[in-house]
Amino acid sequence: QVQPVESGGGLVQAGGSLRLSCAASGRGFSMYHMAWFRQAPGKEREFVSAITWNGDNTFYADNIKDRFTTSRDNAKNTVYLQMNSLKIEDTAVYYCAAGSFTWGNSAAPFPRSYAYWGQGTQVTVSS
């Protein structure tokens, strides 16, 4: 069981960059696939990116894949989301999640695949 804790959110101007971190306490971090989701006010939670337990494979939502990059450092029990060329519509609370499932496009983008969730970190992009 792991407990993700996000950090790195904040206020940034459109076109700027932020790097989010998710440090997971508990045992077995390197056994879990990790993902980032986001939720804007009045909207449903939306998939952003996912990465396999060993970092060999990643999967991105179409609307961010040319701007965001996810990576992980299992030695530090941490997963990252590098966000570049930020847009106002990227404003949301960003959540980190951990899950154990058979990797594939039919599982990775869905919240139901992830058992452990962080509390979220706010990202606000201004004009």
# chains A, B, ... in the order shown; residues from 1 in each chain; ligands from 1
call {"tool": "closest_atom_pairs", "arguments": {"of": "region 28-76 of chain A", "to": "region 84-100 of chain A", "cutoff": "6 Å", "atoms": "only C-alpha atoms", "output": "JSON lines"}}
result
{"residue": "A:Tyr32", "atom": "CA", "partner": "A:Ser100", "partner_atom": "CA", "distance": 5.2}
{"residue": "A:His33", "atom": "CA", "partner": "A:Gly99", "partner_atom": "CA", "distance": 5.3}
{"residue": "A:Met34", "atom": "CA", "partner": "A:Ala98", "partner_atom": "CA", "distance": 4.6}
{"residue": "A:Ala35", "atom": "CA", "partner": "A:Ala97", "partner_atom": "CA", "distance": 5.2}
{"residue": "A:Trp36", "atom": "CA", "partner": "A:Cys96", "partner_atom": "CA", "distance": 4.7}
{"residue": "A:Phe37", "atom": "CA", "partner": "A:Tyr95", "partner_atom": "CA", "distance": 5.1}
{"residue": "A:Arg38", "atom": "CA", "partner": "A:Tyr94", "partner_atom": "CA", "distance": 4.3}
{"residue": "A:Gln39", "atom": "CA", "partner": "A:Ala92", "partner_atom": "CA", "distance": 5.2}
{"residue": "A:Ala40", "atom": "CA", "partner": "A:Ala92", "partner_atom": "CA", "distance": 4.2}
{"residue": "A:Arg67", "atom": "CA", "partner": "A:Asn84", "partner_atom": "CA", "distance": 5.2}
call {"tool": "select_by_dssp", "arguments": {"residues": "chain A", "states": "helix (DSSP H, G or I)", "output": "list in words"}}
result
Phe29, Ser30, Met31, Ile88, Glu89, Asp90, Pro111, Arg112 and Ser113 of chain A
call {"tool": "select_by_dssp", "arguments": {"residues": "chain A", "states": "strand (DSSP E or B)", "output": "number ranges by chain"}}
result
A: 2-7, 10-13, 18-26, 33-39, 46-51, 58-60, 68-73, 78-83, 92-99, 116-117, 121-126
call {"tool": "atom_distance", "arguments": {"atom1": "CA of Thr58 (chain A)", "atom2": "CA of Asn105 (chain A)"}}
result
10.3 Å
call {"tool": "closest_residue", "arguments": {"among": "A:Glu6, A:Glu46, A:Asp73, A:Asp56", "to": "Ser21 (chain A)", "atoms": "only C-alpha atoms"}}
result
A:Glu6
call {"tool": "residues_around", "arguments": {"residues": "Asn57 (chain A)", "least_positions_apart": "2", "cutoff": "12 Å", "atoms": "only C-alpha atoms", "output": "number ranges by chain"}}
result
A: 33-35, 49-55, 59-60, 69-72, 103-105, 108
call {"tool": "atom_distance", "arguments": {"atom1": "CA of Ser25 (chain A)", "atom2": "CA of Glu44 (chain A)"}}
result
27.0 Å
call {"tool": "atom_distance", "arguments": {"atom1": "CA of Gln3 (chain A)", "atom2": "CA of Ser17 (chain A)"}}
result
26.0 Å
call {"tool": "closest_residue", "arguments": {"among": "A:Pro41, A:Pro4, A:Arg27, A:Asp62", "to": "Gln122 (chain A)", "atoms": "only C-alpha atoms"}}
result
A:Pro41
call {"tool": "closest_residue", "arguments": {"among": "A:Ala24, A:Val79, A:Arg45, A:Val12", "to": "Tyr116 (chain A)", "atoms": "only C-alpha atoms"}}
result
A:Ala24
